[in-house]
>>> print(open('model.tsv').read())   # TSV, C-alpha atoms
chain	number	residue	atom	x	y	z
Y	1	MET	CA	-9.14	-6.61	-9.17
Y	2	LEU	CA	-7.18	-6.91	-5.93
Y	3	VAL	CA	-3.55	-5.81	-5.75
Y	4	TYR	CA	-1.55	-7.08	-2.77
Y	5	LEU	CA	1.69	-5.31	-1.89
Y	6	ILE	CA	4.14	-7.58	-0.14
Y	7	GLY	CA	7.66	-7.15	1.18
Y	8	PHE	CA	9.65	-6.78	4.35
Y	9	MET	CA	8.61	-4.31	7.04
Y	10	GLY	CA	9.78	-0.84	6.11
Y	11	SER	CA	9.79	-1.53	2.36
Y	12	GLY	CA	7.15	1.14	1.74
Y	13	LYS	CA	4.07	-1.01	1.15
Y	14	THR	CA	1.65	1.43	2.77
Y	15	THR	CA	3.17	4.55	1.20
Y	16	VAL	CA	3.37	3.00	-2.27
Y	17	GLY	CA	-0.04	1.36	-1.83
Y	18	LYS	CA	-1.78	4.67	-1.21
Y	19	LYS	CA	-0.14	6.23	-4.27
Y	20	LEU	CA	-0.88	3.23	-6.48
Y	21	ALA	CA	-4.52	3.10	-5.35
Y	22	GLY	CA	-4.89	6.77	-6.25
Y	23	LYS	CA	-3.43	6.23	-9.72
Y	24	LEU	CA	-5.65	3.20	-10.37
Y	25	GLY	CA	-8.77	4.81	-8.89
Y	26	TYR	CA	-8.90	1.94	-6.36
Y	27	ASN	CA	-9.58	1.83	-2.64
Y	28	PHE	CA	-6.67	1.27	-0.27
Y	29	ILE	CA	-6.52	-0.96	2.80
Y	30	ASP	CA	-3.64	-1.62	5.17
Y	31	LEU	CA	-4.11	-5.17	6.50
Y	32	ASP	CA	-2.62	-4.30	9.91
Y	33	GLU	CA	-5.00	-1.34	10.28
Y	34	MET	CA	-7.90	-3.58	9.25
Y	35	ILE	CA	-6.94	-6.02	12.03
Y	36	GLU	CA	-6.66	-3.23	14.61
Y	37	LYS	CA	-10.08	-1.80	13.71
Y	38	LYS	CA	-11.83	-5.15	13.61
Y	39	TYR	CA	-10.40	-6.51	16.87
Y	40	HIS	CA	-10.04	-3.18	18.73
Y	41	ILE	CA	-6.44	-3.95	19.68
Y	42	THR	CA	-3.10	-2.76	18.31
Y	43	ILE	CA	-0.73	-5.16	16.59
Y	44	ASN	CA	1.79	-4.46	19.38
Y	45	ASN	CA	-0.77	-5.47	22.01
Y	46	ILE	CA	-1.63	-8.67	20.15
Y	47	PHE	CA	2.06	-9.60	20.28
Y	48	ASN	CA	2.35	-8.53	23.94
Y	49	LYS	CA	-0.83	-10.19	25.25
Y	50	PHE	CA	-0.71	-13.32	23.11
Y	51	ASP	CA	2.10	-14.29	20.74
Y	52	GLU	CA	3.09	-14.25	17.08
Y	53	ASN	CA	1.13	-17.45	16.37
Y	54	ALA	CA	-2.10	-15.84	17.61
Y	55	PHE	CA	-1.38	-12.81	15.44
Y	56	ARG	CA	-0.74	-14.96	12.35
Y	57	LEU	CA	-4.09	-16.73	12.77
Y	58	ILE	CA	-5.91	-13.39	13.08
Y	59	GLU	CA	-3.91	-12.05	10.13
Y	60	GLN	CA	-4.88	-14.97	7.88
Y	61	LYS	CA	-8.55	-14.71	8.83
Y	62	THR	CA	-8.48	-10.99	8.02
Y	63	LEU	CA	-6.62	-11.63	4.76
Y	64	THR	CA	-9.36	-14.01	3.60
Y	65	GLU	CA	-11.94	-11.29	4.28
Y	66	THR	CA	-10.25	-9.11	1.64
Y	67	PHE	CA	-11.06	-11.65	-1.09
Y	68	ASN	CA	-14.60	-10.30	-1.39
Y	69	LEU	CA	-13.43	-6.75	-2.07
Y	70	LYS	CA	-13.22	-5.20	-5.51
Y	71	ASN	CA	-10.76	-2.69	-6.99
Y	72	THR	CA	-8.60	-2.45	-3.89
Y	73	VAL	CA	-4.88	-2.16	-3.20
Y	74	ILE	CA	-3.99	-4.01	0.00
Y	75	SER	CA	-0.79	-3.45	1.93
Y	76	THR	CA	0.04	-6.67	3.77
Y	77	GLY	CA	2.21	-7.18	6.81
Y	78	GLY	CA	5.81	-8.18	6.14
Y	79	GLY	CA	5.19	-11.76	7.19
Y	80	THR	CA	1.71	-12.19	5.74
Y	81	PRO	CA	2.70	-14.12	2.58
Y	82	CYS	CA	5.08	-16.38	4.53
Y	83	PHE	CA	2.62	-18.19	6.77
Y	84	PHE	CA	0.12	-20.95	6.05
Y	85	ASN	CA	-0.77	-20.89	2.34
Y	86	ASN	CA	-1.17	-17.11	2.25
Y	87	ILE	CA	0.99	-16.43	-0.81
Y	88	GLN	CA	-0.99	-18.98	-2.83
Y	89	LEU	CA	-4.27	-17.44	-1.64
Y	90	ILE	CA	-3.03	-13.93	-2.47
Y	91	ASN	CA	-2.03	-15.01	-5.98
Y	92	LYS	CA	-5.32	-16.87	-6.49
Y	93	HIS	CA	-7.48	-13.88	-5.55
Y	94	GLY	CA	-5.43	-11.01	-6.96
Y	95	ILE	CA	-2.02	-9.95	-8.14
Y	96	SER	CA	0.93	-9.60	-5.83
Y	97	VAL	CA	3.65	-6.98	-6.02
Y	98	TYR	CA	6.90	-7.57	-4.14
Y	99	LEU	CA	8.72	-4.39	-3.11
Y	100	LYS	CA	12.20	-5.93	-3.09
Y	101	MET	CA	14.87	-4.17	-1.04
Y	102	HIS	CA	18.41	-4.91	0.11
Y	103	LYS	CA	19.10	-5.70	3.76
Y	104	GLN	CA	21.06	-2.49	4.35
Y	105	SER	CA	18.35	-0.30	2.80
Y	106	LEU	CA	15.72	-1.91	5.02
Y	107	TYR	CA	17.95	-1.47	8.06
Y	108	ASP	CA	18.48	2.23	7.26
Y	109	ARG	CA	14.73	2.80	6.95
Y	110	LEU	CA	13.79	0.79	10.04
Y	111	ILE	CA	16.46	2.26	12.32
Y	112	ASN	CA	15.22	5.77	11.46
Y	113	SER	CA	11.51	4.91	11.55
Y	114	LYS	CA	9.15	6.32	14.16
Y	115	THR	CA	6.79	3.36	13.68
Y	116	LYS	CA	6.82	0.75	16.45
Y	117	ARG	CA	7.66	-2.69	15.11
Y	118	PRO	CA	6.85	-5.49	17.58
Y	119	LEU	CA	9.36	-7.91	16.07
Y	120	LEU	CA	12.19	-5.38	16.55
Y	121	THR	CA	11.36	-4.35	20.12
Y	122	GLY	CA	14.32	-4.68	22.49
Y	123	LYS	CA	16.87	-5.41	19.76
Y	124	THR	CA	20.17	-3.53	19.40
Y	125	PRO	CA	21.10	-2.06	16.00
Y	126	ASN	CA	23.40	-5.04	15.30
Y	127	GLU	CA	20.66	-7.48	16.29
Y	128	ILE	CA	18.21	-5.65	14.00
Y	129	LEU	CA	20.59	-5.95	11.03
Y	130	LYS	CA	21.13	-9.65	11.75
Y	131	TYR	CA	17.37	-10.18	12.20
Y	132	ILE	CA	16.63	-8.52	8.84
Y	133	GLY	CA	19.17	-10.76	7.11
Y	134	LEU	CA	17.82	-13.96	8.66
Y	135	GLN	CA	14.19	-13.02	8.02
Y	136	LEU	CA	14.88	-12.06	4.40
Y	137	GLN	CA	16.59	-15.40	3.89
Y	138	HIS	CA	13.48	-17.18	5.20
Y	139	ARG	CA	10.87	-14.93	3.58
Y	140	GLU	CA	12.37	-14.27	0.15
Y	141	PRO	CA	11.21	-17.63	-1.33
Y	142	TYR	CA	7.62	-16.58	-0.55
Y	143	TYR	CA	8.09	-12.99	-1.72
Y	144	LEU	CA	9.59	-14.19	-5.02
Y	145	GLN	CA	6.33	-15.98	-5.88
Y	146	SER	CA	4.82	-12.54	-6.59
Y	147	SER	CA	3.24	-11.62	-9.91
Y	148	ILE	CA	5.38	-8.46	-10.10
Y	149	ILE	CA	8.76	-7.80	-8.47
Y	150	ILE	CA	9.94	-4.20	-8.28
Y	151	LYS	CA	13.02	-2.62	-6.73
Y	152	GLY	CA	11.84	-0.91	-3.54
Y	153	GLU	CA	14.66	1.57	-3.13
Y	154	SER	CA	13.60	3.70	-6.09
Y	155	ILE	CA	10.00	2.93	-6.98
Y	156	ASN	CA	8.52	4.77	-9.92
Y	157	THR	CA	4.78	4.58	-9.26
Y	158	ASP	CA	3.99	5.35	-12.92
Y	159	LEU	CA	5.95	2.28	-14.02
Y	160	LEU	CA	4.35	0.22	-11.26
Y	161	GLU	CA	0.90	1.39	-12.33
Y	162	ASN	CA	1.63	0.35	-15.93
Y	163	ALA	CA	2.87	-3.07	-14.78
Y	164	VAL	CA	-0.24	-3.63	-12.65
Y	165	ARG	CA	-2.60	-2.49	-15.43
Y	166	LYS	CA	-1.28	-5.33	-17.63
Y	167	TYR	CA	-2.97	-7.75	-15.20
Y	168	ILE	CA	-6.29	-5.92	-15.07
Y	169	PRO	CA	-8.84	-7.49	-17.45
>>> encode(input="model.tsv", output="structure tokens")
Amino acid sequence: MLVYLIGFMGSGKTTVGKKLAGKLGYNFIDLDEMIEKKYHITINNIFNKFDENAFRLIEQKTLTETFNLKNTVISTGGGTPCFFNNIQLINKHGISVYLKMHKQSLYDRLINSKTKRPLLTGKTPNEILKYIGLQLQHREPYYLQSSIIIKGESINTDLLENAVRKYIP
């Protein structure tokens, strides 16, 4: 079984994914790290040297490569389910878990994060808050197509594990 964690950047997909994989006895893959290893370039450099469209094409190609895996939790990029037919593909090949968070909670995490986020580069704090709001408005319809929706601010990984196990044959 494949379990895809989706949600906005900073929602905790990688952190939760590693914990969930451990509880399920599954492997864990971060889709962005998979891209960086395969193409020998950082996500930031893909955005800098090319553009977001080039990244999204690479991202979808890499996503489809996960469909052959077994017993794996996959942390997707924040935009992964929102481009092409990715959310339908994710739901066809596994179960999706949306780590749903409020705009302010995401802002608080992102503003204090040490991780470089290419889509936030050069933005002021007010611009970041506005960006999060606009992106959530656009992305939420895709995120809400998930098999499981869980509140991201206070995730109980035991409850999440139980919810996921209901989908495992």
>>> closest_residue(input="model.tsv", among="Y:Leu63, Y:Ala163, Y:Ile128, Y:Val97", to="Arg109 of chain Y", atoms="all atoms listed in the file")
Y:Ile128
>>> atom_distance(input="model.tsv", atom1="atom CA of Gly17 of chain Y", atom2="atom CA of Glu140 of chain Y")
20.1 Å
>>> residues_around(input="model.tsv", residues="Lys38 of chain Y", least_positions_apart="2", cutoff="12 Å", atoms="all atoms listed in the file", output="number ranges by chain")
Y: 31-36, 40-43, 58-59, 61-62, 65
>>> residues_around(input="model.tsv", residues="segment 82-87 of chain Y", least_positions_apart="3", cutoff="10 Å", atoms="all atoms listed in the file", output="MDAnalysis selection string")
chainID Y and resid 4 6 53 56:57 59:60 63:64 77:79 90:92 96 138:146
>>> write_last_selection(input="model.tsv", atoms="C-alpha atoms", output="PDB file, in the coordinates of the input")
ATOM      1  CA  TYR Y   4      -1.550  -7.080  -2.770  1.00  0.00           C
ATOM      2  CA  ILE Y   6       4.140  -7.580  -0.140  1.00  0.00           C
ATOM      3  CA  ASN Y  53       1.130 -17.450  16.370  1.00  0.00           C
ATOM      4  CA  ARG Y  56      -0.740 -14.960  12.350  1.00  0.00           C
ATOM      5  CA  LEU Y  57      -4.090 -16.730  12.770  1.00  0.00           C
ATOM      6  CA  GLU Y  59      -3.910 -12.050  10.130  1.00  0.00           C
ATOM      7  CA  GLN Y  60      -4.880 -14.970   7.880  1.00  0.00           C
ATOM      8  CA  LEU Y  63      -6.620 -11.630   4.760  1.00  0.00           C
ATOM      9  CA  THR Y  64      -9.360 -14.010   3.600  1.00  0.00           C
ATOM     10  CA  GLY Y  77       2.210  -7.180   6.810  1.00  0.00           C
ATOM     11  CA  GLY Y  78       5.810  -8.180   6.140  1.00  0.00           C
ATOM     12  CA  GLY Y  79       5.190 -11.760   7.190  1.00  0.00           C
ATOM     13  CA  ILE Y  90      -3.030 -13.930  -2.470  1.00  0.00           C
ATOM     14  CA  ASN Y  91      -2.030 -15.010  -5.980  1.00  0.00           C
ATOM     15  CA  LYS Y  92      -5.320 -16.870  -6.490  1.00  0.00           C
ATOM     16  CA  SER Y  96       0.930  -9.600  -5.830  1.00  0.00           C
ATOM     17  CA  HIS Y 138      13.480 -17.180   5.200  1.00  0.00           C
ATOM     18  CA  ARG Y 139      10.870 -14.930   3.580  1.00  0.00           C
ATOM     19  CA  GLU Y 140      12.370 -14.270   0.150  1.00  0.00           C
ATOM     20  CA  PRO Y 141      11.210 -17.630  -1.330  1.00  0.00           C
ATOM     21  CA  TYR Y 142       7.620 -16.580  -0.550  1.00  0.00           C
ATOM     22  CA  TYR Y 143       8.090 -12.990  -1.720  1.00  0.00           C
ATOM     23  CA  LEU Y 144       9.590 -14.190  -5.020  1.00  0.00           C
ATOM     24  CA  GLN Y 145       6.330 -15.980  -5.880  1.00  0.00           C
ATOM     25  CA  SER Y 146       4.820 -12.540  -6.590  1.00  0.00           C
TER      26      SER Y 146
END
>>> closest_residue(input="model.tsv", among="Y:Thr72, Y:Asn126, Y:Gln88, Y:Thr80", to="Leu20 of chain Y", atoms="all atoms listed in the file")
Y:Thr72
>>> atom_distance(input="model.tsv", atom1="atom CA of Tyr98 of chain Y", atom2="atom CA of Lys37 of chain Y")
25.3 Å
>>> atom_distance(input="model.tsv", atom1="atom CA of Asp51 of chain Y", atom2="atom CA of Val3 of chain Y")
28.4 Å
